file my_file.cif (mmCIF, C-alpha atoms)
data_model
loop_
_atom_site.label_atom_id
_atom_site.label_comp_id
_atom_site.auth_asym_id
_atom_site.auth_seq_id
_atom_site.Cartn_x
_atom_site.Cartn_y
_atom_site.Cartn_z
CA MET A 659 -32.24 43.57 46.08
CA SER A 660 -33.30 46.94 44.66
CA THR A 661 -29.78 48.36 44.89
CA SER A 662 -28.42 45.81 42.36
CA PHE A 663 -30.36 47.52 39.50
CA LEU A 664 -29.34 51.12 40.28
CA PRO A 665 -26.09 51.19 38.19
CA SER A 666 -27.83 49.83 35.15
CA THR A 667 -30.69 52.26 35.44
CA SER A 668 -28.32 55.17 35.92
CA PHE A 669 -26.23 54.16 32.83
CA ALA A 670 -29.25 53.77 30.60
CA THR A 671 -30.57 57.15 31.71
CA GLN A 672 -27.18 58.74 31.08
CA ARG A 673 -26.96 57.26 27.52
CA ARG A 674 -30.39 58.52 26.60
CA THR A 675 -29.50 61.91 27.97
CA SER A 676 -26.27 61.95 25.99
CA GLN A 677 -28.11 61.05 22.76
CA LYS A 678 -30.51 63.88 23.32
CA LEU A 679 -27.65 66.31 23.85
CA GLY A 680 -25.94 65.12 20.65
CA ASN A 681 -22.85 63.83 22.37
CA PRO A 682 -21.32 60.89 20.44
CA ILE A 683 -20.68 57.67 22.21
CA THR A 684 -17.29 56.18 21.54
CA ALA A 685 -17.50 52.60 20.30
CA GLY A 686 -15.78 50.00 22.35
CA PRO A 687 -13.02 47.69 21.05
CA LEU A 688 -13.97 45.11 18.35
CA ASP A 689 -14.38 41.51 19.22
CA PRO A 690 -10.96 39.92 18.68
CA CYS A 691 -12.65 36.93 16.97
CA ILE A 692 -13.86 39.11 14.08
CA THR A 693 -11.20 40.01 11.49
CA PRO A 694 -11.98 43.08 9.44
CA ALA A 695 -12.13 42.61 5.66
CA SER A 696 -8.92 43.65 3.95
CA ASN A 697 -8.87 45.62 0.77
CA PRO A 698 -7.59 43.58 -2.25
CA ARG A 699 -4.22 44.57 -3.53
CA PRO A 700 -4.26 46.27 -6.93
CA ILE A 701 -1.95 43.64 -8.43
CA PHE A 702 -4.45 40.84 -7.77
CA GLN A 703 -7.27 42.85 -9.25
CA PHE A 704 -5.18 43.36 -12.37
CA LEU A 705 -4.34 39.65 -12.66
CA ALA A 706 -7.98 38.62 -12.27
CA PHE A 707 -9.03 41.07 -14.97
CA GLY A 708 -6.27 39.78 -17.27
CA LEU A 709 -7.37 36.16 -16.72
CA ILE A 710 -10.91 37.01 -17.74
CA ILE A 711 -9.65 38.71 -20.91
CA PHE A 712 -7.41 35.71 -21.69
CA LEU A 713 -10.27 33.20 -21.35
CA ALA A 714 -12.44 35.38 -23.55
CA LEU A 715 -9.77 35.47 -26.25
CA LEU A 716 -9.47 31.66 -26.17
CA GLN A 717 -13.02 31.42 -27.48
CA LEU A 718 -11.85 33.10 -30.68
CA LEU A 719 -9.27 30.38 -31.47
CA PRO A 720 -10.23 27.57 -33.91
CA ALA A 721 -11.04 24.12 -32.50
CA THR A 722 -8.17 21.62 -32.47
CA HIS A 723 -9.90 18.40 -31.31
CA PHE A 724 -13.28 16.76 -31.66
CA ARG A 725 -15.08 13.61 -30.66
CA ASP A 726 -14.96 11.37 -33.73
CA PRO A 727 -18.57 10.35 -34.54
CA PHE A 728 -17.39 7.08 -36.11
CA ASP A 729 -15.33 6.04 -33.11
CA PRO A 730 -17.45 3.75 -30.92
CA PHE A 731 -15.38 4.77 -27.90
CA ARG A 732 -15.89 8.52 -28.55
CA ASN A 733 -12.24 9.39 -28.05
CA TRP A 734 -10.91 12.89 -28.69
CA ALA A 735 -9.15 13.10 -32.03
CA PRO A 736 -7.13 15.99 -33.54
CA LEU A 737 -9.18 17.99 -36.01
CA HIS A 738 -6.27 18.11 -38.45
CA SER A 739 -4.71 14.78 -37.60
CA ASN A 740 -2.20 12.83 -39.62
CA PRO A 741 -3.91 11.21 -42.64
CA SER A 742 -2.55 7.86 -41.49
CA SER A 743 -4.45 8.11 -38.21
CA PRO A 744 -6.57 4.95 -37.83
CA LEU A 745 -9.63 6.93 -36.85
CA ARG A 746 -9.23 9.23 -39.85
CA GLU A 747 -8.75 6.20 -42.09
CA LEU A 748 -11.91 4.58 -40.79
CA ARG A 749 -13.89 7.77 -41.27
CA ASP A 750 -12.52 8.43 -44.76
CA ALA A 751 -13.12 4.85 -45.80
CA ARG A 752 -16.73 5.06 -44.78
CA ASN A 753 -17.30 8.36 -46.55
CA ALA A 754 -15.51 7.18 -49.70
CA ASP A 755 -17.10 3.83 -50.43
CA GLY A 756 -19.62 3.02 -47.74
CA GLY A 757 -17.38 0.56 -45.92
CA GLY A 758 -16.80 0.28 -42.20
CA ASP A 759 -20.32 1.30 -41.29
CA ASP A 760 -19.89 0.39 -37.63
CA GLY A 761 -16.39 1.86 -37.31
CA MET A 762 -14.79 -1.54 -36.75
CA VAL A 763 -11.95 -3.20 -38.67
CA HIS A 764 -13.38 -6.58 -39.68
CA VAL A 765 -10.71 -9.24 -40.19
CA VAL A 766 -11.94 -12.45 -41.83
CA SER A 767 -10.01 -15.70 -42.00
CA TRP A 768 -10.78 -19.22 -43.24
CA MET A 769 -9.16 -22.42 -41.98
CA ASP A 770 -9.67 -25.75 -43.72
CA CYS A 771 -8.05 -27.72 -40.91
CA LEU A 772 -8.47 -26.45 -37.37
CA ASP A 773 -5.24 -25.24 -35.79
CA LEU A 774 -5.93 -23.07 -32.77
CA ARG A 775 -2.27 -22.22 -32.30
CA ALA A 776 -2.11 -20.69 -35.78
CA LEU A 777 -5.30 -18.71 -35.10
CA ALA A 778 -3.89 -17.54 -31.77
CA VAL A 779 -0.70 -16.34 -33.48
CA LEU A 780 -2.73 -14.54 -36.16
CA ALA A 781 -4.96 -12.86 -33.57
CA ASN A 782 -2.16 -11.92 -31.18
CA SER A 783 0.16 -10.60 -33.89
CA THR A 784 -2.68 -8.53 -35.36
CA LEU A 785 -3.76 -7.09 -32.01
CA SER A 786 -0.24 -6.39 -30.76
CA SER A 787 0.66 -4.61 -34.00
CA SER A 788 -2.50 -2.50 -34.09
CA SER A 789 -2.63 0.99 -32.64
CA ASN A 790 -6.36 0.51 -31.96
CA PRO A 791 -6.85 -3.15 -31.02
CA ASP A 792 -10.30 -2.39 -29.59
CA LEU A 793 -11.48 -1.63 -33.13
CA VAL A 794 -10.36 -4.98 -34.58
CA PHE A 795 -13.12 -7.59 -35.01
CA PHE A 796 -12.15 -11.16 -35.94
CA HIS A 797 -14.42 -13.52 -37.90
CA PHE A 798 -12.91 -17.01 -37.98
CA PHE A 799 -14.48 -19.59 -40.31
CA ILE A 800 -13.54 -23.00 -38.93
CA PRO A 801 -14.77 -26.54 -39.74
CA GLY A 802 -16.87 -26.89 -36.57
CA GLY A 803 -18.37 -23.43 -36.87
CA ASN A 804 -20.87 -22.29 -34.28
CA GLU A 805 -21.11 -25.80 -32.90
CA ASP A 806 -17.47 -25.80 -31.83
CA LYS A 807 -18.03 -23.93 -28.58
CA LEU A 808 -14.85 -25.29 -27.02
CA SER A 809 -12.59 -23.68 -29.61
CA PHE A 810 -14.42 -20.39 -29.19
CA TYR A 811 -14.07 -20.45 -25.40
CA LYS A 812 -10.37 -21.30 -25.63
CA LEU A 813 -9.73 -18.31 -27.87
CA LYS A 814 -11.79 -16.03 -25.66
CA VAL A 815 -9.81 -17.12 -22.60
CA LEU A 816 -6.61 -16.21 -24.44
CA PHE A 817 -8.04 -12.90 -25.69
CA PRO A 818 -10.77 -11.96 -23.19
CA HIS A 819 -11.08 -8.34 -24.36
CA SER A 820 -11.02 -9.05 -28.09
CA ASN A 821 -13.92 -8.86 -30.52
CA LEU A 822 -14.14 -12.38 -31.90
CA GLU A 823 -16.73 -14.58 -33.59
CA ILE A 824 -16.67 -18.15 -34.87
CA HIS A 825 -18.58 -18.98 -38.07
CA GLY A 826 -19.45 -22.20 -39.86
CA GLN A 827 -18.32 -23.10 -43.38
CA GLU A 828 -21.18 -25.17 -44.73
CA GLN A 829 -23.14 -22.39 -46.44
CA VAL A 830 -20.06 -21.17 -48.28
CA LYS A 831 -19.09 -24.70 -49.31
CA GLU A 832 -22.62 -25.35 -50.56
CA ILE A 833 -22.34 -22.44 -53.00
CA MET A 834 -19.05 -23.82 -54.30
CA ARG A 835 -20.51 -27.30 -54.70
CA THR A 836 -23.44 -25.84 -56.64
CA VAL A 837 -21.23 -23.88 -59.03
CA PHE A 838 -18.72 -26.67 -59.64
CA SER A 839 -21.21 -29.54 -59.46
CA GLY A 840 -20.17 -30.94 -62.86
CA GLY A 841 -16.82 -32.02 -61.49
CA GLN A 842 -15.18 -31.76 -64.93
CA TYR A 843 -12.98 -28.78 -64.17
CA ALA A 844 -10.43 -28.03 -61.51
CA GLU A 845 -12.02 -26.39 -58.53
CA PRO A 846 -10.14 -23.57 -56.83
CA SER A 847 -9.08 -24.26 -53.29
CA TYR A 848 -11.39 -22.90 -50.65
CA GLU A 849 -8.86 -20.31 -49.57
CA GLU A 850 -8.66 -18.98 -53.14
CA ILE A 851 -12.37 -18.33 -53.57
CA VAL A 852 -14.07 -18.10 -50.16
CA PRO A 853 -13.10 -14.42 -49.65
CA PHE A 854 -15.41 -13.58 -52.56
CA ILE A 855 -18.28 -15.85 -51.50
CA ILE A 856 -18.38 -15.06 -47.78
CA PRO A 857 -20.02 -11.60 -48.18
CA THR A 858 -22.88 -13.17 -50.17
CA VAL A 859 -23.65 -15.37 -47.16
CA HIS A 860 -22.89 -12.82 -44.45
CA ASN A 861 -24.31 -9.53 -45.71
CA PHE A 862 -23.14 -7.56 -42.68
CA LEU A 863 -19.55 -7.81 -43.97
CA ARG A 864 -19.71 -4.81 -46.28
CA LYS A 865 -16.03 -3.98 -46.22
CA PHE A 866 -13.49 -6.27 -44.62
CA ILE A 867 -9.92 -7.52 -44.72
CA TYR A 868 -9.41 -11.14 -45.59
CA VAL A 869 -6.22 -12.58 -44.07
CA SER A 870 -4.96 -16.10 -44.55
CA ALA A 871 -4.98 -18.06 -41.31
CA LYS A 872 -1.35 -18.99 -41.88
CA VAL A 873 0.26 -15.56 -41.67
CA ILE A 874 1.84 -13.43 -38.96
CA MET A 875 0.67 -9.81 -39.10
CA LYS A 876 3.38 -7.33 -38.16
CA ALA A 877 1.65 -4.33 -39.73
CA ARG A 878 -1.22 -2.14 -38.57
CA VAL A 879 -4.12 -3.89 -40.21
CA GLU A 880 -6.35 -0.83 -39.83
CA GLU A 881 -4.22 0.97 -42.41
CA LEU A 882 -5.82 -1.20 -45.09
CA ILE A 883 -9.29 0.12 -44.27
CA GLY A 884 -8.12 3.62 -45.14
CA VAL A 885 -7.03 2.63 -48.64
CA ASP A 886 -8.89 4.63 -51.30
CA MET A 887 -10.23 1.87 -53.54
CA ASN A 888 -12.04 4.18 -55.99
CA ASN A 889 -14.30 1.89 -58.04
CA TYR A 890 -12.42 -1.31 -57.26
CA ALA A 891 -14.02 -4.04 -55.20
CA ILE A 892 -10.73 -5.77 -54.37
CA ALA A 893 -7.28 -4.59 -53.33
CA THR A 894 -4.25 -6.82 -52.95
CA ALA A 895 -0.50 -6.92 -53.50
CA GLU A 896 1.11 -8.58 -56.50
CA ASP A 897 3.52 -11.49 -56.34
CA CYS A 898 6.01 -10.90 -59.15
CA SER A 899 7.71 -14.22 -58.49
CA GLN A 900 4.57 -15.64 -60.16
CA ILE A 901 4.31 -14.53 -63.81
CA LEU A 902 1.31 -15.11 -66.08
CA LYS A 903 3.31 -16.66 -68.94
CA ASN A 904 4.52 -19.42 -66.60
CA TYR A 905 0.98 -20.70 -66.04
CA VAL A 906 -0.84 -20.39 -69.37
CA ASN A 907 -0.33 -20.84 -73.09
CA LEU A 908 -0.37 -17.23 -74.27
CA ASP A 909 -1.53 -18.16 -77.79
CA VAL A 910 -4.62 -19.80 -76.32
CA LEU A 911 -5.20 -16.88 -73.97
CA HIS A 912 -4.93 -14.33 -76.79
CA ALA A 913 -7.34 -16.35 -78.92
CA ILE A 914 -9.87 -16.25 -76.09
CA GLN A 915 -9.29 -12.53 -75.68
CA ARG A 916 -10.02 -11.87 -79.38
CA SER A 917 -13.10 -14.06 -79.67
CA ALA A 918 -14.89 -13.83 -76.33
CA SER A 919 -17.08 -10.80 -75.71
CA LYS A 920 -17.42 -11.03 -71.97
CA ALA A 921 -17.20 -8.19 -69.47
CA TRP A 922 -14.54 -10.05 -67.51
CA VAL A 923 -12.30 -10.63 -70.55
CA SER A 924 -9.70 -7.94 -71.15
CA GLU A 925 -10.26 -5.72 -74.19
CA THR A 926 -6.51 -5.54 -74.75
CA PRO A 927 -4.03 -8.45 -75.09
CA TYR A 928 -2.87 -9.96 -71.83
CA ALA A 929 0.64 -8.94 -70.80
CA LYS A 930 2.81 -12.04 -70.63
CA ASP A 931 4.93 -10.67 -67.77
CA SER A 932 1.96 -9.69 -65.61
CA CYS A 933 2.45 -10.42 -61.91
CA LEU A 934 -0.23 -12.58 -60.33
CA PRO A 935 -2.25 -11.35 -57.34
CA ASP A 936 -1.49 -12.65 -53.86
CA PHE A 937 -4.55 -14.06 -52.11
CA SER A 938 -3.09 -14.04 -48.59
CA VAL A 939 -4.25 -10.51 -47.76
CA LEU A 940 -7.22 -8.90 -49.52
CA VAL A 941 -9.29 -5.80 -48.93
CA ILE A 942 -12.84 -6.42 -50.16
CA ASN A 943 -15.64 -3.92 -50.64
CA ALA A 944 -18.59 -6.29 -50.95
CA ARG A 945 -20.90 -3.61 -52.32
CA LYS A 946 -18.87 -3.41 -55.52
CA LEU A 947 -18.03 -7.11 -55.79
CA GLU A 948 -19.38 -9.12 -58.72
CA LYS A 949 -22.23 -11.28 -57.45
CA ASP A 950 -21.42 -14.07 -59.92
CA PHE A 951 -17.68 -14.18 -59.22
CA ALA A 952 -17.73 -17.96 -58.78
CA GLU A 953 -19.41 -18.36 -62.18
CA ILE A 954 -16.68 -16.20 -63.74
CA ILE A 955 -14.04 -18.55 -62.35
CA LEU A 956 -15.93 -21.53 -63.74
CA TRP A 957 -16.10 -19.82 -67.14
CA TRP A 958 -12.34 -19.36 -67.22
CA SER A 959 -11.83 -22.98 -66.18
CA LYS A 960 -13.93 -24.08 -69.15
CA ALA A 961 -12.32 -21.64 -71.58
CA LEU A 962 -8.81 -22.80 -70.68
CA ASN A 963 -9.93 -26.42 -70.27
CA LEU A 964 -8.44 -26.49 -66.76
CA ARG A 965 -9.41 -30.02 -65.83
CA GLU A 966 -6.55 -30.44 -63.38
CA ARG A 967 -4.62 -28.13 -61.14
CA ALA A 968 -1.17 -27.77 -62.66
CA SER A 969 0.14 -26.01 -59.55
CA LYS A 970 -0.91 -24.73 -56.17
CA ARG A 971 -2.24 -21.58 -57.86
CA ASN A 972 -5.52 -21.68 -59.79
CA LEU A 973 -5.11 -19.60 -62.93
CA ALA A 974 -8.86 -19.12 -63.38
CA VAL A 975 -9.05 -17.03 -60.20
CA ALA A 976 -6.11 -14.86 -61.27
CA LEU A 977 -7.64 -14.24 -64.71
CA ALA A 978 -11.00 -13.41 -63.16
CA LEU A 979 -9.21 -10.62 -61.30
CA TYR A 980 -7.03 -9.46 -64.19
CA ASN A 981 -6.95 -5.63 -64.24
CA SER A 982 -9.92 -5.66 -61.86
CA TYR A 983 -8.23 -4.99 -58.55
CA LEU A 984 -6.32 -2.20 -56.88
CA LYS A 985 -2.63 -3.00 -56.57
CA LEU A 986 -1.39 -2.51 -53.02
CA SER A 987 2.15 -1.61 -52.11
CA SER A 988 4.62 -4.50 -52.22
CA SER A 989 5.05 -4.04 -48.47
CA TRP A 990 1.72 -5.84 -48.09
CA LEU A 991 3.03 -8.91 -49.91
CA VAL A 992 3.43 -11.86 -47.58
CA LYS A 993 7.08 -12.92 -47.28
CA ASP A 994 8.46 -16.30 -46.41
CA PHE A 995 9.92 -16.60 -42.92
CA SER A 996 13.23 -17.75 -44.40
CA SER A 997 13.51 -14.61 -46.55
CA SER A 998 16.41 -12.25 -45.90
CA GLN A 999 13.83 -9.44 -45.68
CA VAL A 1000 11.79 -11.09 -42.96
CA ASN A 1001 12.83 -8.54 -40.32
CA ASN A 1002 11.60 -5.68 -42.49
CA SER A 1003 8.46 -7.44 -43.72
CA MET A 1004 5.03 -6.31 -42.63
CA ILE A 1005 3.50 -9.76 -43.09
CA ILE A 1006 5.20 -13.15 -43.11
CA HIS A 1007 4.00 -16.72 -43.55
CA TYR A 1008 3.24 -18.63 -40.37
CA ASP A 1009 6.39 -20.55 -39.51
CA GLY A 1010 4.98 -22.80 -36.81
CA PRO A 1011 4.29 -26.54 -36.91
CA LYS A 1012 2.00 -27.62 -39.75
CA THR A 1013 -1.26 -29.37 -39.05
CA SER A 1014 -3.10 -31.48 -41.61
CA CYS A 1015 -6.85 -32.09 -41.51
CA LYS A 1016 -6.37 -35.61 -40.17
CA GLU A 1017 -4.02 -34.37 -37.47
CA SER A 1018 -6.38 -31.54 -36.50
CA ILE A 1019 -9.00 -34.15 -35.63
CA ASN A 1020 -6.50 -35.99 -33.45
CA GLY A 1021 -5.20 -32.75 -31.96
CA THR A 1022 -1.60 -33.31 -33.08
CA ALA A 1023 0.80 -31.40 -35.31
CA SER A 1024 3.37 -32.66 -37.77
CA GLU A 1025 7.01 -32.14 -36.93
CA TYR A 1026 7.99 -30.39 -40.15
CA SER A 1027 10.88 -27.96 -40.04
CA HIS A 1028 9.73 -24.55 -38.90
CA GLY A 1029 11.04 -21.26 -37.61
CA ALA A 1030 10.76 -19.42 -34.33
CA VAL A 1031 9.04 -16.16 -35.24
CA TRP A 1032 5.62 -17.58 -34.39
CA THR A 1033 6.68 -18.22 -30.77
CA GLN A 1034 7.05 -14.45 -30.25
CA TYR A 1035 3.32 -14.02 -30.86
CA LEU A 1036 2.03 -17.07 -29.02
CA PRO A 1037 0.57 -16.07 -25.63
CA SER A 1038 2.46 -17.57 -22.70
CA THR A 1039 -0.64 -19.40 -21.44
CA SER A 1040 -1.49 -20.95 -24.82
CA ASP A 1041 0.02 -24.39 -24.13
CA ARG A 1042 -2.04 -24.76 -20.97
CA ILE A 1043 -5.24 -23.49 -22.60
CA LEU A 1044 -4.97 -24.84 -26.14
CA GLY A 1045 -3.05 -27.99 -25.30
CA SER A 1046 0.43 -28.94 -26.41
#
call {"tool": "encode", "arguments": {"input": "my_file.cif", "output": "structure tokens"}}
result
Amino acid sequence: MSTSFLPSTSFATQRRTSQKLGNPITAGPLDPCITPASNPRPIFQFLAFGLIIFLALLQLLPATHFRDPFDPFRNWAPLHSNPSSPLRELRDARNADGGGDDGMVHVVSWMDCLDLRALAVLANSTLSSSSNPDLVFFHFFIPGGNEDKLSFYKLKVLFPHSNLEIHGQEQVKEIMRTVFSGGQYAEPSYEEIVPFIIPTVHNFLRKFIYVSAKVIMKARVEELIGVDMNNYAIATAEDCSQILKNYVNLDVLHAIQRSASKAWVSETPYAKDSCLPDFSVLVINARKLEKDFAEIILWWSKALNLRERASKRNLAVALALYNSYLKLSSSWLVKDFSSSQVNNSMIIHYDGPKTSCKESINGTASEYSHGAVWTQYLPSTSDRILGS
């Protein structure tokens, strides 16, 4: 047993002796599993140094994008984006006149007789034409209002990701009944005057776009929010197929203009060839809107002795707005679906089946002649959801 340790003892003694004598011991071969570190090539060192310099220089360049603080979705937007950018328009509109406080595009519509197909076409055409449909918020004023849950659910099934609310009409109608309680003068239709009364009932609508329920929107509705309205409360396009002289006795109108000292009466004679405003699409800044607008309409009805409506257009409303609104481009004028310019029009009249109030209760539609443009904007599942 003792002989098995002799070689080891002899080798250890020899190594200690060699160390004492100063003789170096040659190292054995490296473990093949250990790879010695290689020296980096000069070219890679140069590239790494250049990359560091490049990244440092990038910090000196001006910023090109930012997170828009008025965009609820916090998307990146170009710092110097096109002025027609919807996000820039929303931001500029808010800074200019206090509108669009929540960054949404509020679209308001009123419907005397419930027609869900027409509302579906309006909503779908608006959303499909918008570059930012998530920013569009619909407020539909329908006869049943908040109590009509079924209509609300049907629309939400058709547009599950849309921002949509249903409102009642009674409060707005009550204000109209109070103002025109005498019954001696022609009342404007609801669609002519409700855009100006709605913000007095719903204060959260500070700036909004009123759109007739019977139109097809082929334009980007958010472009209207970016319109610089200056000190105007209302913006709309003019319909030059409707001329002032065709609706009023100019001698009577000029006599009123000379004798009446009211803020809403023009200081200069009324132009006989003035185009009348179109009430189908309006941009309204409620903060600058006259609070007694309905009373102004009543005053004009009395001054002109408008006891009956001579036409579908109420002249008192047009005179109440005379020279008091921003004139939008004619491209925002609603065209008839039979017009030769329909393909180039931004907004056209709804060309689907017409529904009267009596028929809306029965859930049927009249078979008047109509076009086919509306079918392009009716969701494919609408017949099953809304009913035929």
call {"tool": "atom_distance", "arguments": {"input": "my_file.cif", "atom1": "atom CA of A:Arg864", "atom2": "atom CA of A:Glu925"}}
result
29.5 Å
call {"tool": "residues_around", "arguments": {"input": "my_file.cif", "residues": "A:Ser989", "least_positions_apart": "2", "cutoff": "7 Å", "atoms": "only C-alpha atoms", "output": "ChimeraX atom specification"}}
result
/A:987,991,1003-1004
call {"tool": "residues_around", "arguments": {"input": "my_file.cif", "residues": "A:Ser820", "least_positions_apart": "6", "cutoff": "12 Å", "atoms": "only C-alpha atoms", "output": "PyMOL selection string"}}
result
chain A and resi 778+781-782+784-786+790-797+810+813-814
call {"tool": "atom_distance", "arguments": {"input": "my_file.cif", "atom1": "atom CA of A:Ser1040", "atom2": "atom CA of A:Met762"}}
result
26.4 Å
call {"tool": "closest_residue", "arguments": {"input": "my_file.cif", "among": "A:Leu718, A:Val779, A:Ile883, A:Ile851", "to": "A:Lys865", "atoms": "all atoms listed in the file"}}
result
A:Ile883
call {"tool": "closest_residue", "arguments": {"input": "my_file.cif", "among": "A:Asn907, A:Ala952, A:Val763, A:Ser899", "to": "A:Ile855", "atoms": "all atoms listed in the file"}}
result
A:Ala952
call {"tool": "residues_near_point", "arguments": {"input": "my_file.cif", "point": "(-15.6, -11.7, -58.4)", "cutoff": "12 Å", "atoms": "only C-alpha atoms", "output": "ChimeraX atom specification"}}
result
/A:850-858,890-892,921-922,942-957,974-980,982-983
call {"tool": "residues_around", "arguments": {"input": "my_file.cif", "residues": "A:Ser932", "least_positions_apart": "5", "cutoff": "10 Å", "atoms": "only C-alpha atoms", "output": "PyMOL selection string"}}
result
chain A and resi 896-898+900-903+980-981
call {"tool": "resolve_selection", "arguments": {"input": "my_file.cif", "expression": "the PyMOL selection byres ((chain A and resi 828) around 12)", "output": "list of chain:residue names"}}
result
A:Asp770, A:Phe799, A:Ile800, A:Pro801, A:Gly802, A:Gly803, A:Asn804, A:Glu805, A:His825, A:Gly826, A:Gln827, A:Gln829, A:Val830, A:Lys831, A:Glu832, A:Ile833, A:Met834, A:Arg835, A:Tyr848, A:Val852, A:Ile855, A:Ile856, A:Val859
